[in-house]
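What follows is a set of notes on a single structure, which appears directly below.
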Amino acid sequence: MAALAHVVPLTSVDGVYTYRVPDEMAAEAVPGARVLVPFGRRQITGVVAERVDGGTDGLKPLHDVLDARPALPPDLLALTRWVAEYYLCAWGEAVKAALPSGTEVESRRVARALAPPDAWDEKRGRAILRALHERNGTGLPVAALAEVLNRKTVPQNLLRRMEAAGVLEVEHEVQDASVTAKTARHLRLGDGAEDAEVRGAKQRALLDWLAEAGEVVLQAEALAATGASSSTVKSLETHGLVEAFDAEVERRADGMDVEAVPPAAPLDLHPAQTAALEAIVGAIQTARAETFLLHGVTGSGKTEVYLRALREALDRGKSAIVLVPEIALTPQTVRRFRAHFGDRVAVLHSRMSPGERLDAWTRIRDGVYPIVIGPRSAVFAPVGDLGLVVVDEEHEASYKQFDPAPRYHARDVAVMRAYRAGAVCVLGSATPSMETVANANAEKYTRLEMPERVPVRGPDGTTRQPAPLPPVRVIDLTRERQIRRLKGALSHDLREAITARLAKGEQTILLQNRRGYAPVLTCDDCGWTPACRDCAVSLTVHKASHNLRCHYCGRAERIPRPCPSCGSPALALLGSGTQRVEEEIEEVFPEARVLRMDLDTTSRKGAHRKILDRFGRGDADVLLGTQMVAKGLDFPRVTLVGVVEADTGMLLPDFRAAERTFQLLAQVAGRAGRHDLPGEVLLQTRNPEHPALQFALRHDFHGFALGELGERMALGYPPYGRLVGVEVKGPHEGSTFALADRWGAALRTEAGRVAGVEVLGPVPAFVGRVKRWWRVHLLVKAPRSLPASVLASLVRTAEGRVKTPSGHRVNLDVDPVGLY
DNA sequence: TGCCAGTTCTTG
DNA sequence: AAGAACTGGCAA
Ligand SMILES: [Zn+2]
Ligand SMILES: [Zn+2]
């Protein structure tokens with residue numbers, strides 16, 4: 001019997017592999033520790049899943065242990081396993097999602113020349129030697145040699161002969177992690193430095209400064225402050241007056257390194273807030289694993305409830321995770337948390353460099369930061385002793401990951417993580433998802449309602465009463481057109497409403513959820529329309545960059561002058577994107593200052609922020625943009641919100657289309673008339689009777705949810721059914737459909753064994769080709785009563801019976817979000 | 001016969 | 001995913 005370790009390799013290869021644990025690694029190769037293991041003919045990173053005793057027959061030894069402290073605490077390791085099983089991916093893929101990226105260690109085959117190029121008397125061999133000589137210090141990865149010879153495969157045979165002849169060597173070389181901890185020189189006063197006599201002024205200054213600063217300081221900082229140099233340090237060091245040493249430093253993301261402002265004196269909580277807080281605190285105090293739906297309208301003070309619940313968790317020595325959609329993770333948001341919890345808060349966000357992310361992650365694991373705020377991936381933050389998980393805006397689709405696997409929903413992982421940790425989970429939203437509402441209805445979650453807006457404190461410290469929810473008016477575009485009042489995208493009434501705001505110096509937000517100038521260009525004479533070469537979509541006309549662009553692959557083309565199909569000059573622009581609406585506003589209201597906010601104006605770093613700041617300062621009268629305008633801040637001078645085309649997205653082939661439309665309309669409507677200025681919302685539509693719109697105009701979430709849940713139940717869709725999406729991709733139409741057909745047959749065979757399971761498709765994806773990949777979808781549908789694990793193993797069995805030809809891909813997507 | 005592209009198989 | 005072995009077409 002010997003010490004063995006079951007190891008999860010960090011690749012998409014599924015399975016756990018067993019290794020012998022050499023004695024010197026026995027203490028560190030514990031569950032959760034990352035290890036370097038031989039895997040096939042290379043070395044890769046894995047994570048120890050379990051230690052066991054057993055025979056070593058045919059087992060390879062661990063090569064190395066990469067962590068002095070396990071990277072993953074046991075609860076997280078177990079969580080990744082649940083994620084892999086639930087979301088149908090390899091365990092290693094789930095573990096990767098929980099670890100900071102770039103820290104993997106792997107081996108590569110690297111070749112080096114041992115002789116000059118003319119030592120080989122054949123053309124290909126000389127070309128290889130020449131290429132190797134160019135990079136003989138580092139060597140060249142063997143995989144790169146195919147390209148050197150302009151071939152698709154590496155000439156293994158030739159390499160072996162050359163190696164045997166001694167003109168080159170090929171070795172498996174372990175590549176260090178691309179991201180590592182950073183160290184820097186630190187200084188500390190030595191013993192007896194206080195009353196030491198030194199001659200140099202610089203030396204004196206440095207010692208005084210160190211005495212003043214106390215304890216340990218960065219050498220760079222001390223030198224900059226005193227004008228001393230590293231030789232000053234050296235000579236002081238030789239006399240034992242200072243100690244210099246290397247220590248780890250934390251790289252911090254500038255954008256989020258906001259100063260902690262002292263929290264404003266707490267406002268008295270509104271009764272609904274008090275009730276919600278008491279319920280949450282009660283659960284934290286008794287360490288009850290309870291999940292709450294905190295349903296609070298915009299402005300009802302959800303964040304204040306989060307802050308106080310976090311305080312409670314922290315006071316009990318627990319840690320907490322706050323998930324926030326990436327777009328809402330602004331300095332303002334961070335400042336609010338920092339104001340209360342100072343540097344006990346770590347912020348994770350997508351703009352961090354890999355080094356910053358690693359440093360934050362390490363410190364979270366070591367307990368330096370008991371509160372973690374971040375987007376989707378922060379659900380895996382390695383905090384210990386979890387007491388509370390908050391998921392703000394829990395309905396946000398951005399919590400669902402698509403690529404790469406695991407295709408997890410952070411809200412659902414959060415609920416599961418909290419449950420397993422015996423922690424409290426709070427799901428907050430003004431427009432909760434149907435899934436969460438159904439769970440609350442079924443009393444799996446405790447429902448907390450905050451139906452009223454609460455008073456807010458102005459910058460001057462005074463409190464102001466909130467505005468009531470604004471009245472919403474629907475404008476029927478079909479009718480407007482019939483009575484010939486419609487010229488352009490903005491109706492007569494919307495134009496009048498904008499005019500009135502301009503006259504009063506108030507602001508307007510306009511939502512047009514479509515970027516570009518015109519979604520379609522078409523020939524009036526022959527009907528020709530430009531389509532993307534690589535995707536099955538028409539190209540959008542962009543006026544700012546003056547070209548045609550594909551919104552799926554980014555491809556740009558010139559706008560054709562006469563129709564390339566028939567030569568007619570009559571090319572018409574159909575529909576309006578944000579650019580065209582902007583142009584219309586500038587024409588109709590030449591005096592208005594307009595800010596356009598969409599993917600095209602916010603792609604540069606910080607541009608998003610800048611636009612919102614300018615609008616907030618009153619530098620513009622109109623903020624026009626795509627859905628991102630719905631998620632901005634609270635702008636007190638906005639009294640009009642106009643939705644140019646409420647129909648965008650409403651009619652997409654997605655069973656959640658109505659839900660998403662309602663959420664967007666409710667969210668944007670909530671932007672009008674906060675504080676003491678009453679607001680107004682105008683919705684332009686060609687479907688005035690659509691329930692999403694009808695309920696949004698009455699601010700009636702419960703009415704909408706009731707109807708929508710009824711539909712879902714009738715159709716067996718989530719939250720009353722389970723779905724697994726199967727996305728089949730391939731380079732040719734025929735082969736992709738053929739593969740999808742085989743999947744359909746395999747799934748139907750398996751579905752036939754379980755009552756209630758249905759297979760839909762294969763059907764071409766909504767966009768049937770993207771970036772040259774044909775895409776075909778299948779959907780497996782089962783009643784909620786069927787355990788997820790049964791459905792999962794059904795799909796896994798089918799998967800085992802269909803082999804994927806090379807060049808094709810099949811992605812399994814449990815609880816898919818978006819178009820299927 | 002050897003090269004090459006494409007495919008299949010294995011990883012402890 | 002990556003490396004290696006295998007297969008079959010084809011040029012010399
Ligand atoms: Zn034409
Ligand atoms: Zn395209």
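Residue numbering restarts at 1 in every chain; chains get A, B, ... in the order shown in the structure tokens, and ligands count up from 1 in that same order.
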
Which residues are near ligand 2 - at most 10 Å, using only C-alpha atoms (C1' of nucleotides) and all ligand atoms? Format: as a ChimeraX atom specification. /A:531-539,549-556,769-772

Expected file contents, prior selection, C-alpha atoms, as a PDB file, in the first residue's frame:
ATOM      1  CA  ALA A 531     -25.247  39.717 -46.742  1.00  0.00           C
ATOM      2  CA  CYS A 532     -22.132  38.731 -44.807  1.00  0.00           C
ATOM      3  CA  ARG A 533     -19.779  36.387 -46.644  1.00  0.00           C
ATOM      4  CA  ASP A 534     -19.196  34.345 -43.479  1.00  0.00           C
ATOM      5  CA  CYS A 535     -22.516  34.612 -41.623  1.00  0.00           C
ATOM      6  CA  ALA A 536     -26.142  34.119 -42.548  1.00  0.00           C
ATOM      7  CA  VAL A 537     -27.182  37.700 -41.773  1.00  0.00           C
ATOM      8  CA  SER A 538     -27.609  40.889 -43.737  1.00  0.00           C
ATOM      9  CA  LEU A 539     -25.075  43.626 -43.208  1.00  0.00           C
ATOM     10  CA  ARG A 549     -20.811  45.831 -40.972  1.00  0.00           C
ATOM     11  CA  CYS A 550     -21.670  42.334 -39.813  1.00  0.00           C
ATOM     12  CA  HIS A 551     -22.838  42.377 -36.209  1.00  0.00           C
ATOM     13  CA  TYR A 552     -21.884  38.728 -35.745  1.00  0.00           C
ATOM     14  CA  CYS A 553     -18.298  38.614 -36.978  1.00  0.00           C
ATOM     15  CA  GLY A 554     -17.353  42.281 -37.290  1.00  0.00           C
ATOM     16  CA  ARG A 555     -16.588  42.058 -41.001  1.00  0.00           C
ATOM     17  CA  ALA A 556     -16.696  45.421 -42.759  1.00  0.00           C
ATOM     18  CA  ARG A 769     -24.018  30.398 -40.055  1.00  0.00           C
ATOM     19  CA  VAL A 770     -21.583  32.501 -38.026  1.00  0.00           C
ATOM     20  CA  LYS A 771     -17.914  33.032 -38.913  1.00  0.00           C
ATOM     21  CA  ARG A 772     -18.132  30.278 -41.523  1.00  0.00           C
TER      22      ARG A 772
END

Neighbouring residues of Leu72 in chain A were defined as those with any atom within 8 Å, considering only C-alpha atoms (C1' of nucleotides); residues of the same chain fewer than 5 positions away were excluded. Please report them as a PyMOL selection string. chain A and resi 31-33+77+99+382

Would you kindly report the residues of chain A within 12 Å of chain C, using only C-alpha atoms (C1' of nucleotides), as a ChimeraX atom specification? /A:9-14,39-44,92-93,106-109,142-143,153-154,156-157,172

Write out the residues from the selection above, keeping N, CA and C atoms, as a short mmCIF file (atom, residue, chain, number, x, y, z; two decimals), in the first residue's frame.
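File produced: result_35.cif:
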data_model
loop_
_atom_site.label_atom_id
_atom_site.label_comp_id
_atom_site.auth_asym_id
_atom_site.auth_seq_id
_atom_site.Cartn_x
_atom_site.Cartn_y
_atom_site.Cartn_z
N PRO A 9 -7.42 16.39 -14.24
CA PRO A 9 -6.58 17.16 -15.16
C PRO A 9 -7.32 18.40 -15.66
N LEU A 10 -6.61 19.52 -15.77
CA LEU A 10 -7.28 20.75 -16.19
C LEU A 10 -7.36 20.85 -17.72
N THR A 11 -8.08 19.91 -18.29
CA THR A 11 -8.33 19.93 -19.74
C THR A 11 -9.79 19.54 -19.93
N SER A 12 -10.21 19.48 -21.18
CA SER A 12 -11.60 19.07 -21.42
C SER A 12 -11.74 17.55 -21.39
N VAL A 13 -10.63 16.85 -21.14
CA VAL A 13 -10.71 15.39 -20.98
C VAL A 13 -11.43 15.10 -19.67
N ASP A 14 -12.49 14.33 -19.77
CA ASP A 14 -13.25 14.05 -18.56
C ASP A 14 -12.60 12.89 -17.82
N PHE A 39 0.78 13.30 -18.28
CA PHE A 39 -0.52 12.98 -18.86
C PHE A 39 -0.27 12.66 -20.32
N GLY A 40 -0.40 11.38 -20.67
CA GLY A 40 0.03 10.98 -21.99
C GLY A 40 1.52 11.21 -22.05
N ARG A 41 1.95 11.89 -23.12
CA ARG A 41 3.39 12.10 -23.24
C ARG A 41 3.81 13.51 -22.85
N ARG A 42 2.96 14.17 -22.06
CA ARG A 42 3.35 15.53 -21.65
C ARG A 42 3.03 15.74 -20.18
N GLN A 43 3.33 16.91 -19.71
CA GLN A 43 3.05 17.27 -18.32
C GLN A 43 1.97 18.34 -18.32
N ILE A 44 0.94 18.17 -17.48
CA ILE A 44 -0.07 19.22 -17.41
C ILE A 44 -0.44 19.47 -15.95
N GLY A 92 -12.49 19.10 -14.97
CA GLY A 92 -11.35 20.00 -15.14
C GLY A 92 -11.76 21.36 -15.69
N GLU A 93 -12.75 21.38 -16.57
CA GLU A 93 -13.22 22.65 -17.12
C GLU A 93 -13.87 23.48 -16.02
N GLU A 106 2.36 23.74 -18.02
CA GLU A 106 2.24 22.68 -19.01
C GLU A 106 3.58 22.43 -19.66
N SER A 107 3.73 21.24 -20.20
CA SER A 107 4.96 21.01 -20.96
C SER A 107 4.66 21.13 -22.45
N ARG A 108 5.69 21.47 -23.20
CA ARG A 108 5.59 21.51 -24.66
C ARG A 108 6.79 20.78 -25.22
N ARG A 109 6.65 20.27 -26.43
CA ARG A 109 7.82 19.70 -27.08
C ARG A 109 8.56 20.82 -27.77
N VAL A 142 7.84 22.28 -31.26
CA VAL A 142 7.80 21.37 -32.39
C VAL A 142 6.59 21.63 -33.28
N ALA A 143 5.47 22.00 -32.64
CA ALA A 143 4.25 22.26 -33.41
C ALA A 143 4.46 23.35 -34.45
N THR A 153 1.14 19.14 -41.19
CA THR A 153 1.53 18.25 -40.11
C THR A 153 3.04 18.35 -39.85
N VAL A 154 3.42 18.04 -38.62
CA VAL A 154 4.83 18.07 -38.24
C VAL A 154 5.52 16.83 -38.81
N GLN A 156 7.28 14.23 -38.25
CA GLN A 156 7.82 13.47 -37.12
C GLN A 156 8.99 12.56 -37.52
N ASN A 157 8.77 11.92 -38.67
CA ASN A 157 9.76 10.96 -39.14
C ASN A 157 11.12 11.61 -39.34
N HIS A 172 10.75 17.63 -23.92
CA HIS A 172 9.53 18.14 -23.28
C HIS A 172 9.97 19.18 -22.28
#

Starting from chain B, keep only residues with some atom at most 8 Å from an atom of chain A, counting only C-alpha atoms (C1' of nucleotides), and report them as a list of chain:residue names. B:DC4, B:DA5, B:DT7, B:DT10, B:DT11, B:DG12

Next, the residues of the selection above should be written as a PDB file, in the first residue's frame with N, CA and C atoms (P, O5', C5', C4', C3', O3' and C1' of nucleotides).
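Result file follows (out16.pdb):
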ATOM      1  P    DC B   4       6.549  15.907 -46.441  1.00  0.00           P
ATOM      2  O5'  DC B   4       4.954  15.866 -46.441  1.00  0.00           O
ATOM      3  C5'  DC B   4       4.276  15.983 -47.690  1.00  0.00           C
ATOM      4  C4'  DC B   4       2.810  15.690 -47.474  1.00  0.00           C
ATOM      5  C3'  DC B   4       2.202  16.392 -46.264  1.00  0.00           C
ATOM      6  O3'  DC B   4       1.144  17.201 -46.729  1.00  0.00           O
ATOM      7  C1'  DC B   4       1.582  14.091 -46.345  1.00  0.00           C
ATOM      8  P    DA B   5       0.532  18.353 -45.854  1.00  0.00           P
ATOM      9  O5'  DA B   5      -0.973  17.837 -45.751  1.00  0.00           O
ATOM     10  C5'  DA B   5      -1.672  17.488 -46.953  1.00  0.00           C
ATOM     11  C4'  DA B   5      -2.900  16.698 -46.571  1.00  0.00           C
ATOM     12  C3'  DA B   5      -3.709  17.295 -45.428  1.00  0.00           C
ATOM     13  O3'  DA B   5      -5.062  17.320 -45.845  1.00  0.00           O
ATOM     14  C1'  DA B   5      -3.146  15.030 -44.944  1.00  0.00           C
ATOM     15  P    DT B   7     -10.721  14.132 -41.891  1.00  0.00           P
ATOM     16  O5'  DT B   7     -10.379  12.847 -41.019  1.00  0.00           O
ATOM     17  C5'  DT B   7     -10.298  11.575 -41.671  1.00  0.00           C
ATOM     18  C4'  DT B   7      -9.953  10.535 -40.635  1.00  0.00           C
ATOM     19  C3'  DT B   7     -10.774  10.631 -39.340  1.00  0.00           C
ATOM     20  O3'  DT B   7     -11.307   9.356 -39.056  1.00  0.00           O
ATOM     21  C1'  DT B   7      -8.461  10.538 -38.847  1.00  0.00           C
ATOM     22  P    DT B  10      -7.735   3.344 -27.598  1.00  0.00           P
ATOM     23  O5'  DT B  10      -6.767   4.257 -26.730  1.00  0.00           O
ATOM     24  C5'  DT B  10      -5.351   4.118 -26.875  1.00  0.00           C
ATOM     25  C4'  DT B  10      -4.709   5.191 -26.028  1.00  0.00           C
ATOM     26  C3'  DT B  10      -5.256   5.250 -24.599  1.00  0.00           C
ATOM     27  O3'  DT B  10      -4.178   5.060 -23.697  1.00  0.00           O
ATOM     28  C1'  DT B  10      -5.208   7.417 -25.616  1.00  0.00           C
ATOM     29  P    DT B  11      -4.463   4.857 -22.154  1.00  0.00           P
ATOM     30  O5'  DT B  11      -3.953   6.238 -21.542  1.00  0.00           O
ATOM     31  C5'  DT B  11      -2.684   6.745 -21.951  1.00  0.00           C
ATOM     32  C4'  DT B  11      -2.608   8.186 -21.540  1.00  0.00           C
ATOM     33  C3'  DT B  11      -3.044   8.458 -20.107  1.00  0.00           C
ATOM     34  O3'  DT B  11      -2.042   9.202 -19.451  1.00  0.00           O
ATOM     35  C1'  DT B  11      -4.136   9.932 -21.601  1.00  0.00           C
ATOM     36  P    DG B  12      -0.892   8.410 -18.709  1.00  0.00           P
ATOM     37  O5'  DG B  12      -1.585   8.115 -17.329  1.00  0.00           O
ATOM     38  C5'  DG B  12      -1.834   9.194 -16.447  1.00  0.00           C
ATOM     39  C4'  DG B  12      -2.048   8.636 -15.071  1.00  0.00           C
ATOM     40  C3'  DG B  12      -1.199   7.437 -14.680  1.00  0.00           C
ATOM     41  O3'  DG B  12      -0.940   7.527 -13.298  1.00  0.00           O
ATOM     42  C1'  DG B  12      -3.451   6.792 -14.697  1.00  0.00           C
TER      43       DG B  12
END

Exercise answer, 8 Å around ligand 1 with only C-alpha atoms (C1' of nucleotides) and all ligand atoms, as an MDAnalysis selection string: chainID A and resid 522:528 562:571

Just N, CA, C and O atoms for this one: save the residues we selected as a tab-separated table (two decimals), in the first residue's frame.
chain	number	residue	atom	x	y	z
A	522	THR	N	-31.33	47.77	-49.14
A	522	THR	CA	-31.96	46.92	-50.16
A	522	THR	C	-32.17	47.71	-51.45
A	522	THR	O	-32.32	48.93	-51.42
A	523	CYS	N	-32.15	46.98	-52.55
A	523	CYS	CA	-32.33	47.61	-53.86
A	523	CYS	C	-33.82	47.72	-54.16
A	523	CYS	O	-34.53	46.71	-54.13
A	524	ASP	N	-34.27	48.92	-54.43
A	524	ASP	CA	-35.69	49.13	-54.72
A	524	ASP	C	-36.13	48.42	-56.00
A	524	ASP	O	-37.30	48.09	-56.15
A	525	ASP	N	-35.20	48.20	-56.91
A	525	ASP	CA	-35.59	47.64	-58.19
A	525	ASP	C	-35.56	46.11	-58.23
A	525	ASP	O	-36.44	45.50	-58.80
A	526	CYS	N	-34.52	45.50	-57.63
A	526	CYS	CA	-34.44	44.03	-57.73
A	526	CYS	C	-34.50	43.34	-56.37
A	526	CYS	O	-34.54	42.11	-56.30
A	527	GLY	N	-34.50	44.08	-55.29
A	527	GLY	CA	-34.63	43.46	-53.97
A	527	GLY	C	-33.34	42.92	-53.39
A	527	GLY	O	-33.34	42.32	-52.32
A	528	TRP	N	-32.23	43.16	-54.07
A	528	TRP	CA	-30.94	42.68	-53.59
A	528	TRP	C	-30.59	43.31	-52.24
A	528	TRP	O	-30.89	44.49	-51.98
A	562	PRO	N	-23.89	51.76	-57.13
A	562	PRO	CA	-25.12	51.26	-57.73
A	562	PRO	C	-25.30	49.82	-57.26
A	562	PRO	O	-24.36	49.19	-56.79
A	563	CYS	N	-26.53	49.30	-57.37
A	563	CYS	CA	-26.80	47.93	-56.95
A	563	CYS	C	-25.90	46.97	-57.73
A	563	CYS	O	-25.90	46.98	-58.97
A	564	PRO	N	-25.10	46.15	-57.06
A	564	PRO	CA	-24.19	45.25	-57.77
A	564	PRO	C	-24.93	44.17	-58.53
A	564	PRO	O	-24.36	43.50	-59.39
A	565	SER	N	-26.21	43.98	-58.23
A	565	SER	CA	-26.96	42.93	-58.88
A	565	SER	C	-27.61	43.43	-60.18
A	565	SER	O	-27.57	42.75	-61.20
A	566	CYS	N	-28.19	44.64	-60.17
A	566	CYS	CA	-28.89	45.11	-61.36
A	566	CYS	C	-28.43	46.48	-61.83
A	566	CYS	O	-28.89	46.98	-62.86
A	567	GLY	N	-27.54	47.12	-61.06
A	567	GLY	CA	-27.01	48.39	-61.50
A	567	GLY	C	-27.89	49.59	-61.17
A	567	GLY	O	-27.53	50.73	-61.46
A	568	SER	N	-29.02	49.36	-60.53
A	568	SER	CA	-29.91	50.47	-60.18
A	568	SER	C	-29.28	51.34	-59.09
A	568	SER	O	-28.66	50.83	-58.17
A	569	PRO	N	-29.43	52.65	-59.19
A	569	PRO	CA	-28.90	53.52	-58.14
A	569	PRO	C	-29.84	53.62	-56.94
A	569	PRO	O	-29.48	54.22	-55.92
A	570	ALA	N	-31.05	53.05	-57.06
A	570	ALA	CA	-32.07	53.24	-56.01
A	570	ALA	C	-31.88	52.24	-54.88
A	570	ALA	O	-32.60	51.25	-54.76
A	571	LEU	N	-30.89	52.52	-54.01
A	571	LEU	CA	-30.68	51.65	-52.86
A	571	LEU	C	-31.35	52.29	-51.64
A	571	LEU	O	-31.09	53.45	-51.31

Just the residues within 10 Å of Ile585 in chain A, please, counting only C-alpha atoms (C1' of nucleotides), with nothing from its chain fewer than 4 positions along; format it as a PyMOL selection string. chain A and resi 488-490+495+498+579-581+589-594+622+624

Using only C-alpha atoms (C1' of nucleotides), can you tell me which of A:Val726, A:Val52, A:Met597, A:Leu158 comes closest to DC3 in chain B?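 The shortest atom-to-atom distance to DC3 in chain B comes from A:Leu158.
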
For the structure I just gave you, how does DSSP split range 279-467 of chain A - specifically, which residues are strand (DSSP E)? Reply as a ChimeraX atom specification. /A:291-296,319-323,345-347,371-374,386-392,424-429,446-450,456-457,463-464
